[in-house]
$ cat model_34.txt   # compact mmCIF, C-alpha atoms and all ligand atoms
# COMPACT_ATOMS: atom_id res chain seq x y z
CA MET A 1 -83.29 -70.00 -9.40
CA VAL A 2 -79.66 -69.08 -9.67
CA LYS A 3 -77.73 -72.11 -8.62
CA LEU A 4 -74.06 -71.31 -8.76
CA LYS A 5 -71.21 -70.30 -6.59
CA HIS A 6 -69.64 -68.24 -9.28
CA ASN A 7 -66.46 -67.64 -7.30
CA GLU A 8 -65.69 -71.29 -7.79
CA TYR A 9 -66.52 -71.06 -11.46
CA ALA A 10 -64.22 -68.11 -11.95
CA SER A 11 -61.34 -69.79 -10.16
CA LEU A 12 -61.79 -73.00 -12.15
CA GLU A 13 -61.75 -71.02 -15.36
CA LYS A 14 -58.58 -69.23 -14.34
CA LYS A 15 -56.86 -72.46 -13.38
CA LEU A 16 -57.78 -74.00 -16.70
CA GLN A 17 -56.51 -71.04 -18.70
CA LYS A 18 -53.26 -71.14 -16.80
CA ALA A 19 -52.85 -74.86 -17.30
CA GLN A 20 -53.51 -74.51 -21.02
CA LYS A 21 -50.89 -71.81 -21.36
CA GLU A 22 -48.12 -73.69 -19.59
CA LYS A 23 -46.61 -76.28 -21.92
CA THR A 24 -45.48 -78.47 -19.06
CA SER A 25 -49.00 -78.95 -17.76
CA ASP A 26 -50.29 -82.46 -17.27
CA ASP A 27 -52.97 -83.42 -19.82
CA ASN A 28 -54.89 -85.18 -17.09
CA LEU A 29 -55.01 -82.03 -15.05
CA ILE A 30 -56.42 -80.07 -17.99
CA ALA A 31 -59.02 -82.74 -18.69
CA ASP A 32 -59.97 -82.81 -15.04
CA LEU A 33 -60.42 -79.04 -14.93
CA GLU A 34 -62.41 -79.04 -18.15
CA GLU A 35 -64.76 -81.62 -16.74
CA LYS A 36 -65.25 -79.73 -13.48
CA LEU A 37 -65.92 -76.54 -15.39
CA ALA A 38 -68.46 -78.25 -17.63
CA ALA A 39 -70.19 -79.64 -14.55
CA ALA A 40 -70.35 -76.19 -13.02
CA LYS A 41 -71.77 -74.83 -16.27
CA ARG A 42 -74.49 -77.50 -16.34
CA GLU A 43 -75.60 -76.43 -12.92
CA MET A 44 -76.14 -72.91 -14.07
CA THR A 45 -79.32 -71.39 -15.32
CA ASP A 46 -79.13 -69.01 -18.27
CA GLN A 47 -79.33 -66.06 -15.96
CA ALA A 48 -76.53 -67.34 -13.78
CA ARG A 49 -74.41 -67.91 -16.83
CA ALA A 50 -74.87 -64.31 -17.82
CA ILE A 51 -74.00 -63.08 -14.32
CA CYS A 52 -70.97 -65.29 -14.32
CA LYS A 53 -69.75 -63.93 -17.63
CA TYR A 54 -70.17 -60.46 -16.19
CA ALA A 55 -68.29 -61.25 -13.03
CA THR A 56 -65.40 -63.07 -14.62
CA GLU A 57 -64.83 -60.97 -17.69
CA MET A 58 -65.47 -57.52 -16.49
CA SER A 59 -63.17 -55.17 -14.67
CA THR A 60 -64.66 -52.47 -12.45
CA GLU A 61 -64.06 -49.92 -15.18
CA THR A 62 -65.85 -51.92 -17.85
CA PHE A 63 -68.69 -52.46 -15.43
CA ALA A 64 -68.97 -48.71 -14.85
CA TYR A 65 -69.07 -48.12 -18.60
CA LYS A 66 -71.74 -50.78 -19.09
CA LEU A 67 -73.79 -49.23 -16.32
CA ALA A 68 -73.51 -45.79 -17.91
CA THR A 69 -74.64 -47.26 -21.26
CA GLU A 70 -77.50 -49.15 -19.61
CA ILE A 71 -78.67 -45.86 -18.12
CA GLU A 72 -78.47 -44.06 -21.45
CA THR A 73 -80.35 -46.73 -23.38
CA ASN A 74 -82.84 -48.30 -20.98
CA VAL A 75 -83.31 -46.11 -17.93
CA PHE A 76 -83.40 -42.84 -19.78
CA GLY A 77 -86.99 -43.26 -21.04
CA GLN A 78 -88.29 -43.59 -17.50
CA ILE A 79 -86.37 -40.56 -16.37
CA LEU A 80 -87.43 -38.49 -19.32
CA SER A 81 -91.08 -38.40 -18.26
CA TYR A 82 -90.05 -37.33 -14.78
CA LEU A 83 -87.73 -34.70 -16.22
CA LYS A 84 -90.54 -33.32 -18.39
CA LYS A 85 -92.73 -32.80 -15.34
CA ALA A 86 -89.84 -31.23 -13.45
CA VAL A 87 -89.11 -28.84 -16.34
CA GLN A 88 -92.78 -27.84 -16.53
CA SER A 89 -93.10 -27.18 -12.82
CA ASN A 90 -89.78 -25.32 -12.67
CA PHE A 91 -90.91 -23.19 -15.57
CA SER A 92 -94.21 -22.20 -14.00
CA ASN A 93 -92.44 -21.53 -10.69
CA ASP A 94 -89.80 -19.36 -12.34
CA ALA A 95 -92.07 -17.68 -14.88
CA GLN A 96 -92.92 -14.60 -12.83
CA ALA A 97 -89.34 -13.96 -11.77
CA VAL A 98 -88.22 -14.38 -15.40
CA ARG A 99 -90.82 -11.84 -16.54
CA ARG A 100 -89.63 -9.40 -13.88
CA GLY A 101 -86.08 -9.99 -15.10
CA GLU A 102 -84.94 -11.32 -11.73
CA ARG A 103 -83.70 -14.59 -13.08
CA SER A 104 -82.93 -16.26 -16.40
CA ILE A 105 -84.62 -19.32 -17.83
CA ARG A 106 -83.04 -22.49 -16.52
CA ASN A 107 -80.65 -24.45 -18.69
CA TYR A 108 -80.86 -28.17 -19.20
CA LYS A 109 -77.86 -29.57 -20.91
CA LYS A 110 -75.98 -32.75 -21.64
CA GLY A 111 -74.14 -34.07 -18.62
CA MET A 112 -76.52 -32.48 -16.14
CA PRO A 113 -77.42 -34.54 -13.07
CA ILE A 114 -80.21 -37.04 -13.79
CA PRO A 115 -83.22 -36.24 -11.61
CA PHE A 116 -85.54 -38.92 -10.25
CA PRO A 117 -88.22 -39.16 -7.54
CA LEU A 118 -86.62 -40.34 -4.31
CA LYS A 119 -89.57 -41.65 -2.35
CA ASP A 120 -88.71 -44.97 -0.60
CA ARG A 121 -85.71 -45.55 -2.81
CA ILE A 122 -83.06 -45.34 -0.09
CA LYS A 123 -82.89 -48.38 2.17
CA ILE A 124 -80.61 -49.27 5.05
CA LYS A 125 -79.07 -52.68 5.47
CA ASP A 126 -76.38 -53.49 8.05
CA ASN A 127 -75.64 -49.79 8.58
CA ASP A 128 -75.08 -49.24 4.87
CA PHE A 129 -77.30 -47.16 2.62
CA TYR A 130 -78.53 -48.48 -0.71
CA LEU A 131 -80.24 -46.62 -3.49
CA HIS A 132 -82.79 -48.80 -5.30
CA TRP A 133 -82.86 -47.21 -8.71
CA TYR A 134 -84.50 -48.03 -12.01
CA ASN A 135 -84.19 -51.43 -13.75
CA ASN A 136 -83.07 -53.19 -10.58
CA ILE A 137 -79.93 -51.10 -10.50
CA ARG A 138 -78.82 -50.84 -6.91
CA PHE A 139 -76.14 -48.45 -5.71
CA LYS A 140 -74.37 -48.71 -2.39
CA LEU A 141 -73.62 -45.27 -0.99
CA HIS A 142 -69.96 -44.57 -0.36
CA PHE A 143 -69.13 -41.52 1.68
CA GLY A 144 -65.41 -41.34 0.88
CA LYS A 145 -63.37 -39.29 3.31
CA ASP A 146 -66.58 -37.66 4.44
CA ARG A 147 -65.12 -34.40 5.72
CA SER A 148 -68.56 -32.80 5.97
CA ASN A 149 -69.96 -35.80 7.79
CA ASN A 150 -72.53 -36.72 5.17
CA ARG A 151 -73.05 -40.18 6.60
CA GLN A 152 -74.29 -38.74 9.86
CA ILE A 153 -76.53 -36.29 8.02
CA VAL A 154 -78.13 -39.05 5.94
CA ASN A 155 -78.43 -41.13 9.09
CA ARG A 156 -80.39 -38.32 10.75
CA CYS A 157 -83.05 -38.70 8.03
CA PHE A 158 -83.72 -42.25 9.17
CA ASN A 159 -83.00 -42.49 12.90
CA SER A 160 -85.40 -41.86 15.73
CA VAL A 161 -84.63 -38.14 15.95
CA ASN A 162 -85.92 -37.88 12.38
CA ASP A 163 -85.61 -34.09 12.28
CA TYR A 164 -83.74 -34.07 8.96
CA LYS A 165 -85.91 -34.72 5.93
CA LEU A 166 -84.91 -36.05 2.54
CA GLY A 167 -86.17 -33.99 -0.37
CA SER A 168 -88.77 -35.52 -2.68
CA SER A 169 -86.33 -35.85 -5.53
CA ALA A 170 -82.63 -36.49 -5.94
CA SER A 171 -80.26 -36.75 -8.87
CA ILE A 172 -77.33 -38.76 -10.08
CA GLN A 173 -74.40 -37.05 -11.67
CA ILE A 174 -72.25 -39.17 -13.94
CA VAL A 175 -68.78 -37.74 -14.26
CA LYS A 176 -66.77 -39.07 -17.16
CA ARG A 177 -63.29 -37.78 -16.90
CA ASN A 178 -60.15 -39.74 -17.70
CA GLY A 179 -60.69 -43.23 -16.38
CA SER A 180 -63.99 -44.90 -15.70
CA PRO A 181 -67.19 -42.92 -15.11
CA LYS A 182 -67.99 -42.06 -11.53
CA PHE A 183 -71.50 -41.87 -10.12
CA PHE A 184 -72.41 -39.18 -7.60
CA LEU A 185 -75.70 -39.09 -5.76
CA LEU A 186 -76.94 -35.57 -5.07
CA LEU A 187 -79.40 -35.41 -2.20
CA VAL A 188 -81.43 -32.49 -0.95
CA ILE A 189 -81.80 -32.62 2.80
CA ASN A 190 -83.92 -30.21 4.77
CA ILE A 191 -82.25 -29.34 8.05
CA PRO A 192 -84.43 -27.32 10.39
CA LYS A 193 -82.71 -24.22 11.69
CA GLU A 194 -82.74 -24.06 15.45
CA GLU A 195 -84.34 -20.88 16.66
CA VAL A 196 -81.73 -19.02 18.67
CA GLU A 197 -81.41 -15.35 19.32
CA LEU A 198 -78.25 -14.09 17.65
CA ASN A 199 -76.57 -10.71 17.98
CA LYS A 200 -74.84 -9.51 14.81
CA LYS A 201 -72.32 -7.52 16.86
CA ILE A 202 -71.03 -10.49 18.83
CA VAL A 203 -68.23 -12.55 17.31
CA VAL A 204 -66.60 -15.66 18.78
CA GLY A 205 -62.91 -16.20 18.07
CA VAL A 206 -61.46 -19.72 18.07
CA ASP A 207 -57.77 -20.12 18.88
CA LEU A 208 -56.33 -23.51 17.99
CA GLY A 209 -53.38 -24.40 20.13
CA ILE A 210 -51.41 -27.04 21.88
CA ASN A 211 -51.93 -25.76 25.42
CA VAL A 212 -55.58 -26.53 24.95
CA PRO A 213 -57.00 -27.91 21.71
CA ALA A 214 -59.24 -24.86 21.28
CA TYR A 215 -59.81 -21.66 23.23
CA VAL A 216 -62.88 -19.52 22.61
CA ALA A 217 -63.64 -15.92 23.56
CA THR A 218 -65.85 -13.17 22.21
CA ASN A 219 -64.97 -9.74 20.83
CA MET A 220 -67.01 -7.80 23.40
CA THR A 221 -67.89 -9.82 26.50
CA GLU A 222 -65.85 -11.38 29.28
CA GLU A 223 -66.97 -14.89 28.43
CA ARG A 224 -64.28 -17.40 27.54
CA LYS A 225 -63.68 -21.12 27.58
CA ALA A 226 -60.89 -23.64 27.18
CA ILE A 227 -62.21 -26.52 25.12
CA GLY A 228 -60.73 -29.96 25.64
CA ASP A 229 -58.80 -31.02 28.70
CA ARG A 230 -55.10 -30.38 28.25
CA GLU A 231 -53.79 -33.29 30.31
CA HIS A 232 -56.22 -35.81 28.87
CA PHE A 233 -55.45 -34.59 25.37
CA LEU A 234 -51.66 -34.64 25.71
CA ASN A 235 -51.59 -37.98 27.55
CA ASN A 236 -53.52 -39.63 24.78
CA ARG A 237 -51.29 -38.12 22.09
CA MET A 238 -48.17 -39.31 23.93
CA ALA A 239 -49.60 -42.82 24.38
CA PHE A 240 -50.17 -43.06 20.63
CA GLN A 241 -46.64 -41.81 19.92
CA ARG A 242 -45.18 -44.43 22.26
CA ARG A 243 -47.15 -47.23 20.66
CA PHE A 244 -46.05 -46.08 17.19
CA LYS A 245 -42.42 -46.06 18.28
CA SER A 246 -42.51 -49.52 19.82
CA LEU A 247 -44.25 -50.96 16.75
CA GLN A 248 -41.67 -49.37 14.47
CA ARG A 249 -38.89 -50.84 16.58
CA LEU A 250 -40.44 -54.29 16.27
CA ARG A 251 -40.69 -53.88 12.53
CA GLY A 252 -37.08 -52.79 12.32
CA THR A 253 -35.76 -55.98 13.90
CA ALA A 254 -37.82 -58.37 11.79
CA GLY A 255 -36.17 -58.91 8.36
CA GLY A 256 -37.67 -58.23 4.97
CA LYS A 257 -40.01 -61.18 4.62
CA GLY A 258 -43.73 -60.81 5.24
CA ARG A 259 -43.48 -57.06 5.16
CA THR A 260 -47.14 -56.42 4.46
CA LYS A 261 -48.17 -58.58 7.35
CA LYS A 262 -45.95 -56.67 9.73
CA LEU A 263 -47.28 -53.35 8.49
CA GLU A 264 -50.78 -54.33 9.53
CA PRO A 265 -50.56 -53.50 13.26
CA LEU A 266 -49.07 -50.12 12.34
CA GLU A 267 -51.90 -49.48 9.89
CA ASN A 268 -54.45 -50.52 12.52
CA LEU A 269 -52.91 -48.21 15.09
CA ARG A 270 -53.10 -45.36 12.58
CA LYS A 271 -56.78 -46.11 12.08
CA THR A 272 -57.42 -46.19 15.82
CA GLU A 273 -55.69 -42.85 16.20
CA ARG A 274 -57.63 -41.29 13.32
CA ASN A 275 -60.87 -42.47 14.92
CA TRP A 276 -59.85 -40.97 18.22
CA VAL A 277 -59.00 -37.65 16.56
CA HIS A 278 -62.33 -37.77 14.71
CA THR A 279 -64.29 -38.31 17.94
CA GLN A 280 -62.37 -35.56 19.73
CA ASN A 281 -63.06 -33.18 16.85
CA HIS A 282 -66.76 -33.93 17.18
CA LEU A 283 -66.68 -33.07 20.87
CA PHE A 284 -64.63 -29.90 20.35
CA SER A 285 -66.73 -28.59 17.47
CA ARG A 286 -69.92 -29.18 19.45
CA GLU A 287 -68.45 -27.20 22.37
CA VAL A 288 -67.36 -24.32 20.13
CA VAL A 289 -70.82 -23.98 18.59
CA LYS A 290 -72.49 -24.36 21.98
CA PHE A 291 -70.36 -21.47 23.28
CA ALA A 292 -71.39 -19.33 20.31
CA VAL A 293 -75.07 -20.10 20.93
CA GLN A 294 -74.74 -19.30 24.65
CA THR A 295 -73.03 -15.98 23.94
CA HIS A 296 -75.59 -15.19 21.15
CA ALA A 297 -72.79 -14.70 18.63
CA ALA A 298 -73.98 -14.49 15.02
CA THR A 299 -70.45 -15.06 13.73
CA ILE A 300 -67.53 -17.37 14.45
CA HIS A 301 -63.99 -16.42 13.42
CA MET A 302 -61.41 -19.13 12.78
CA GLU A 303 -57.81 -18.85 11.73
CA ASP A 304 -57.19 -19.56 8.06
CA LEU A 305 -55.14 -22.72 7.96
CA SER A 306 -53.25 -21.95 4.76
CA ASN A 307 -51.10 -19.42 6.62
CA PHE A 308 -51.40 -21.15 9.94
CA GLY A 309 -48.16 -21.83 11.77
CA LYS A 310 -46.41 -18.75 10.34
CA ASP A 311 -45.74 -15.50 12.15
CA LYS A 312 -46.28 -12.03 10.66
CA ASP A 313 -43.02 -12.22 8.71
CA GLY A 314 -43.93 -15.58 7.23
CA ASN A 315 -41.53 -17.45 9.48
CA ALA A 316 -42.63 -20.74 10.94
CA ASP A 317 -44.06 -20.53 14.44
CA GLU A 318 -42.81 -23.87 15.80
CA HIS A 319 -45.51 -23.94 18.41
CA LYS A 320 -48.32 -23.85 15.87
CA GLU A 321 -46.56 -25.81 13.18
CA PHE A 322 -46.35 -28.69 15.59
CA VAL A 323 -50.09 -28.50 16.17
CA LEU A 324 -50.90 -28.43 12.48
CA ARG A 325 -48.75 -31.47 11.77
CA ASN A 326 -50.30 -33.42 14.59
CA TRP A 327 -53.96 -32.63 14.45
CA SER A 328 -56.52 -32.59 11.68
CA TYR A 329 -57.70 -29.03 12.13
CA TYR A 330 -59.23 -29.00 8.67
CA GLU A 331 -61.67 -31.60 9.87
CA LEU A 332 -62.34 -29.68 13.09
CA GLN A 333 -63.05 -26.50 11.12
CA GLU A 334 -65.39 -28.31 8.71
CA MET A 335 -67.30 -29.74 11.66
CA ILE A 336 -67.61 -26.31 13.29
CA ARG A 337 -68.84 -24.96 9.97
CA TYR A 338 -71.67 -27.41 9.48
CA LYS A 339 -72.72 -27.46 13.12
CA ALA A 340 -72.86 -23.65 13.20
CA LYS A 341 -74.96 -23.60 10.04
CA LYS A 342 -77.75 -25.37 11.87
CA TYR A 343 -78.15 -22.29 14.08
CA GLY A 344 -77.67 -19.80 11.30
CA ILE A 345 -74.27 -18.80 12.67
CA GLU A 346 -71.85 -17.61 10.01
CA VAL A 347 -68.28 -18.89 10.03
CA ARG A 348 -65.47 -16.74 8.63
CA ASN A 349 -61.76 -17.31 8.18
CA VAL A 350 -59.35 -14.61 9.31
CA ARG A 351 -55.67 -14.15 8.61
CA PRO A 352 -53.82 -15.59 11.60
CA ALA A 353 -50.91 -13.10 11.69
CA TYR A 354 -50.24 -11.14 14.91
CA THR A 355 -52.80 -13.07 16.97
CA SER A 356 -50.31 -14.24 19.57
CA GLN A 357 -48.04 -11.15 19.71
CA THR A 358 -50.67 -8.42 19.88
CA CYS A 359 -52.51 -7.20 22.96
CA SER A 360 -56.22 -7.65 22.30
CA TRP A 361 -57.07 -4.65 24.55
CA CYS A 362 -54.78 -1.89 23.28
CA GLY A 363 -53.58 -3.37 19.98
CA GLU A 364 -49.91 -2.81 20.86
CA GLN A 365 -47.25 -5.45 20.59
CA GLY A 366 -46.62 -7.69 23.58
CA PHE A 367 -44.98 -11.02 24.15
CA ARG A 368 -45.77 -14.54 25.07
CA GLN A 369 -44.15 -16.12 28.09
CA GLY A 370 -45.15 -19.77 28.17
CA ALA A 371 -48.88 -19.86 28.67
CA THR A 372 -49.16 -16.14 29.50
CA PHE A 373 -49.25 -12.99 27.42
CA ILE A 374 -47.74 -9.76 28.70
CA CYS A 375 -48.60 -6.31 27.35
CA LYS A 376 -45.71 -3.81 27.27
CA ASN A 377 -47.83 -0.70 26.82
CA PRO A 378 -47.91 1.37 30.06
CA GLU A 379 -51.14 3.07 28.94
CA CYS A 380 -52.96 -0.25 28.63
CA LYS A 381 -55.23 -1.45 31.41
CA GLN A 382 -53.64 -4.88 31.06
CA TYR A 383 -50.09 -3.48 31.40
CA SER A 384 -47.80 -6.14 32.93
CA GLU A 385 -50.86 -8.21 33.85
CA LYS A 386 -50.53 -11.92 33.27
CA ILE A 387 -53.19 -12.80 30.73
CA HIS A 388 -53.90 -16.31 29.48
CA ALA A 389 -52.09 -16.33 26.11
CA ASP A 390 -54.79 -18.38 24.36
CA TYR A 391 -57.51 -16.10 25.73
CA ASN A 392 -55.68 -13.10 24.29
CA ALA A 393 -55.25 -14.86 20.94
CA ALA A 394 -58.92 -15.89 20.80
CA ARG A 395 -59.94 -12.26 21.50
CA ASN A 396 -57.69 -11.05 18.70
CA ILE A 397 -59.24 -13.55 16.31
CA ALA A 398 -62.74 -12.50 17.37
CA LYS A 399 -61.91 -8.82 16.84
CA SER A 400 -60.06 -9.34 13.55
CA LYS A 401 -61.24 -7.39 10.52
CA ASP A 402 -58.85 -9.27 8.26
CA ILE A 403 -61.45 -11.61 6.76
CA ILE A 404 -60.38 -13.95 4.00
CA LYS A 405 -62.88 -14.31 1.21
CA LYS A 406 -63.73 -17.83 0.13
CA ASN A 407 -62.27 -17.69 -3.36
CA GLU A 408 -58.97 -16.28 -2.18
ZN ZN A 501 -52.36 -3.82 25.94
$ encode --input "model_34.txt" --output "structure tokens"
Amino acid sequence: MVKLKHNEYASLEKKLQKAQKEKTSDDNLIADLEEKLAAAKREMTDQARAICKYATEMSTETFAYKLATEIETNVFGQILSYLKKAVQSNFSNDAQAVRRGERSIRNYKKGMPIPFPLKDRIKIKDNDFYLHWYNNIRFKLHFGKDRSNNRQIVNRCFNSVNDYKLGSSASIQIVKRNGSPKFFLLLVINIPKEEVELNKKIVVGVDLGINVPAYVATNMTEERKAIGDREHFLNNRMAFQRRFKSLQRLRGTAGGKGRTKKLEPLENLRKTERNWVHTQNHLFSREVVKFAVQTHAATIHMEDLSNFGKDKDGNADEHKEFVLRNWSYYELQEMIRYKAKKYGIEVRNVRPAYTSQTCSWCGEQGFRQGATFICKNPECKQYSEKIHADYNAARNIAKSKDIIKKNE
């Protein structure tokens, strides 16, 4: 049995060290601390003593190094037999394709992810995921910023829907760059593709704006939709702005002391706002993909955000710049991407130039007047018609041939 509150032990040890260093320290105090520490030590079993040494002496970095060494020396043998089997089965699977010259023989090299069988190794406790690995090594899964929503994906493997399936094996990649090694868990998850009928000719364009968060239309049908309620959206944004301002005012009047404490409410409000944005993005992305499914579009076009907020001459479009500053569209786009994937819908980025100044019917230049777009071409069937500006922009994005390749 491990009988020790090692927090107490660590703090006693620190106090003692400090007292010994300071010349002015009372001898009685030192003696008292030494006695307490000895008593704590007596209560410990050998194992606890070892744990305690670990906990008090080791920084996170040292711990990471030790773990990496432990894996190399003690866990490796167990993995090796699994790796051998994996290499054999990969080889017999690949053999024919190699003979036909369709693929090369796989490489296995130093630093490659360490494969292991996954069965029953991931457990959930208090909404956190733990990987029970070899030699009682247990990892807690951290999802970081989680732009691609990995937590939800892993969750789907365990919840009642249970339509996502974990692969039979996984691997751990140890990355040793400057600083301490980092451990990455690589999971294979089988996501069933929903069977929907898609038409390769139909493209949905997504216009991101401030009038409505997103406006969708297709390149060849009349269907269109404003996603997100404008009033609801703006009211919430304004409410957050007001709360930020009043908090900042409060902070301004309260002197320099206890600064960190006074920052807390501001930090909390930021978190609340981020969560709200996150939830909204989930709703919006779901709507966008739903629209694509309903219109049988095989492709979704989105504006490339690296040039977003600039007009054709590279000048800032205040309207859109404001949106970009105030909304995490990167997150929204990532969500659209992974939700579309489930249906086999391809998502492409297009160059955003001209989308708000061009008529999506005749291709001539027009102009935006508040929320409406007006075409100046007398030949055009939309000539001097008042068209919803976001609808026109979404159509332009859907029809765009100016696709940006991924590596650009
Ligand atoms: Zn026109």
$ residues_near_ligand --input "model_34.txt" --ligand "ligand ZN 501 (chain A)" --cutoff "9 Å" --atoms "all atoms listed in the file" --output "NGL selection string"
:A and (358-366 or 374-384)
$ residues_around --input "model_34.txt" --residues "range 295-303 of chain A" --least-positions-apart "4" --cutoff "7 Å" --atoms "all atoms listed in the file" --output "compact mmCIF listing (two decimals) with C-alpha atoms, keeping the file's coordinate frame"
# COMPACT_ATOMS: atom_id res chain seq x y z
CA GLU A 197 -81.41 -15.35 19.32
CA LEU A 198 -78.25 -14.09 17.65
CA ASN A 199 -76.57 -10.71 17.98
CA LYS A 200 -74.84 -9.51 14.81
CA ILE A 202 -71.03 -10.49 18.83
CA VAL A 203 -68.23 -12.55 17.31
CA VAL A 204 -66.60 -15.66 18.78
CA GLY A 205 -62.91 -16.20 18.07
CA VAL A 206 -61.46 -19.72 18.07
CA PHE A 291 -70.36 -21.47 23.28
CA ILE A 345 -74.27 -18.80 12.67
CA GLU A 346 -71.85 -17.61 10.01
CA VAL A 347 -68.28 -18.89 10.03
CA ARG A 348 -65.47 -16.74 8.63
CA ASN A 349 -61.76 -17.31 8.18
CA VAL A 350 -59.35 -14.61 9.31
CA ARG A 351 -55.67 -14.15 8.61
CA PRO A 352 -53.82 -15.59 11.60
CA ILE A 397 -59.24 -13.55 16.31
CA ALA A 398 -62.74 -12.50 17.37
$ axis_aligned_box --input "model_34.txt" --around "range 194-197 of chain A" --padding-each-side "8 Å" --output "AutoDock Vina command-line options"
--center_x -82.9 --center_y -19.7 --center_z 17.4 --size_x 18.9 --size_y 24.7 --size_z 19.9
$ residues_around --input "model_34.txt" --residues "Gly179 in chain A" --least-positions-apart "2" --cutoff "12 Å" --atoms "all atoms listed in the file" --output "number ranges by chain"
A: 60-62, 64-65, 175-177, 181-182
$ atom_distance --input "model_34.txt" --atom1 "CA of Gly228 in chain A" --atom2 "CA of Tyr215 in chain A"
8.7 Å
$ residues_around --input "model_34.txt" --residues "range 147-162 of chain A" --least-positions-apart "2" --cutoff "8 Å" --atoms "all atoms listed in the file" --output "number ranges by chain"
A: 143, 145, 164-166, 331, 334-335, 338
$ closest_residue --input "model_34.txt" --among "A:Arg99, A:Lys271, A:Glu385, A:Leu83" --to "Ala170 in chain A" --atoms "all atoms listed in the file"
A:Leu83
$ atom_distance --input "model_34.txt" --atom1 "CA of Ala19 in chain A" --atom2 "CA of Leu33 in chain A"
9.0 Å
$ closest_residue --input "model_34.txt" --among "A:Arg224, A:Lys23, A:His282, A:Lys245" --to "Ala393 in chain A" --atoms "only C-alpha atoms"
A:Arg224
$ build_atoms --input "model_34.txt" --residues "range 157-173 of chain A" --atoms "N, CA and C atoms" --output "CSV table (one decimal), in the coordinates of the input"
chain,number,residue,atom,x,y,z
A,157,CYS,N,-81.8,-38.6,8.7
A,157,CYS,CA,-83.0,-38.7,8.0
A,157,CYS,C,-83.8,-40.0,8.4
A,158,PHE,N,-83.1,-40.9,8.9
A,158,PHE,CA,-83.7,-42.2,9.2
A,158,PHE,C,-83.8,-42.6,10.6
A,159,ASN,N,-83.0,-42.0,11.5
A,159,ASN,CA,-83.0,-42.5,12.9
A,159,ASN,C,-84.2,-41.9,13.7
A,160,SER,N,-84.2,-42.2,14.9
A,160,SER,CA,-85.4,-41.9,15.7
A,160,SER,C,-85.6,-40.3,15.9
A,161,VAL,N,-84.5,-39.6,15.8
A,161,VAL,CA,-84.6,-38.1,16.0
A,161,VAL,C,-85.5,-37.6,14.8
A,162,ASN,N,-85.1,-38.1,13.6
A,162,ASN,CA,-85.9,-37.9,12.4
A,162,ASN,C,-86.2,-36.4,12.1
A,163,ASP,N,-85.3,-35.5,12.5
A,163,ASP,CA,-85.6,-34.1,12.3
A,163,ASP,C,-85.1,-33.6,10.9
A,164,TYR,N,-84.2,-34.4,10.3
A,164,TYR,CA,-83.7,-34.1,9.0
A,164,TYR,C,-84.7,-34.8,8.0
A,165,LYS,N,-85.0,-34.1,6.9
A,165,LYS,CA,-85.9,-34.7,5.9
A,165,LYS,C,-85.3,-34.7,4.5
A,166,LEU,N,-85.4,-35.9,3.9
A,166,LEU,CA,-84.9,-36.0,2.5
A,166,LEU,C,-85.9,-35.3,1.6
A,167,GLY,N,-85.3,-34.7,0.6
A,167,GLY,CA,-86.2,-34.0,-0.4
A,167,GLY,C,-86.9,-35.0,-1.2
A,168,SER,N,-87.9,-34.6,-2.0
A,168,SER,CA,-88.8,-35.5,-2.7
A,168,SER,C,-88.1,-36.1,-3.9
A,169,SER,N,-87.1,-35.3,-4.4
A,169,SER,CA,-86.3,-35.8,-5.5
A,169,SER,C,-84.8,-35.7,-5.3
A,170,ALA,N,-84.1,-36.5,-6.0
A,170,ALA,CA,-82.6,-36.5,-5.9
A,170,ALA,C,-82.1,-36.6,-7.4
A,171,SER,N,-80.8,-36.6,-7.5
A,171,SER,CA,-80.3,-36.8,-8.9
A,171,SER,C,-78.9,-37.5,-8.8
A,172,ILE,N,-78.6,-38.1,-10.0
A,172,ILE,CA,-77.3,-38.8,-10.1
A,172,ILE,C,-76.5,-38.0,-11.1
A,173,GLN,N,-75.3,-37.7,-10.7
A,173,GLN,CA,-74.4,-37.0,-11.7
A,173,GLN,C,-73.4,-38.1,-12.1
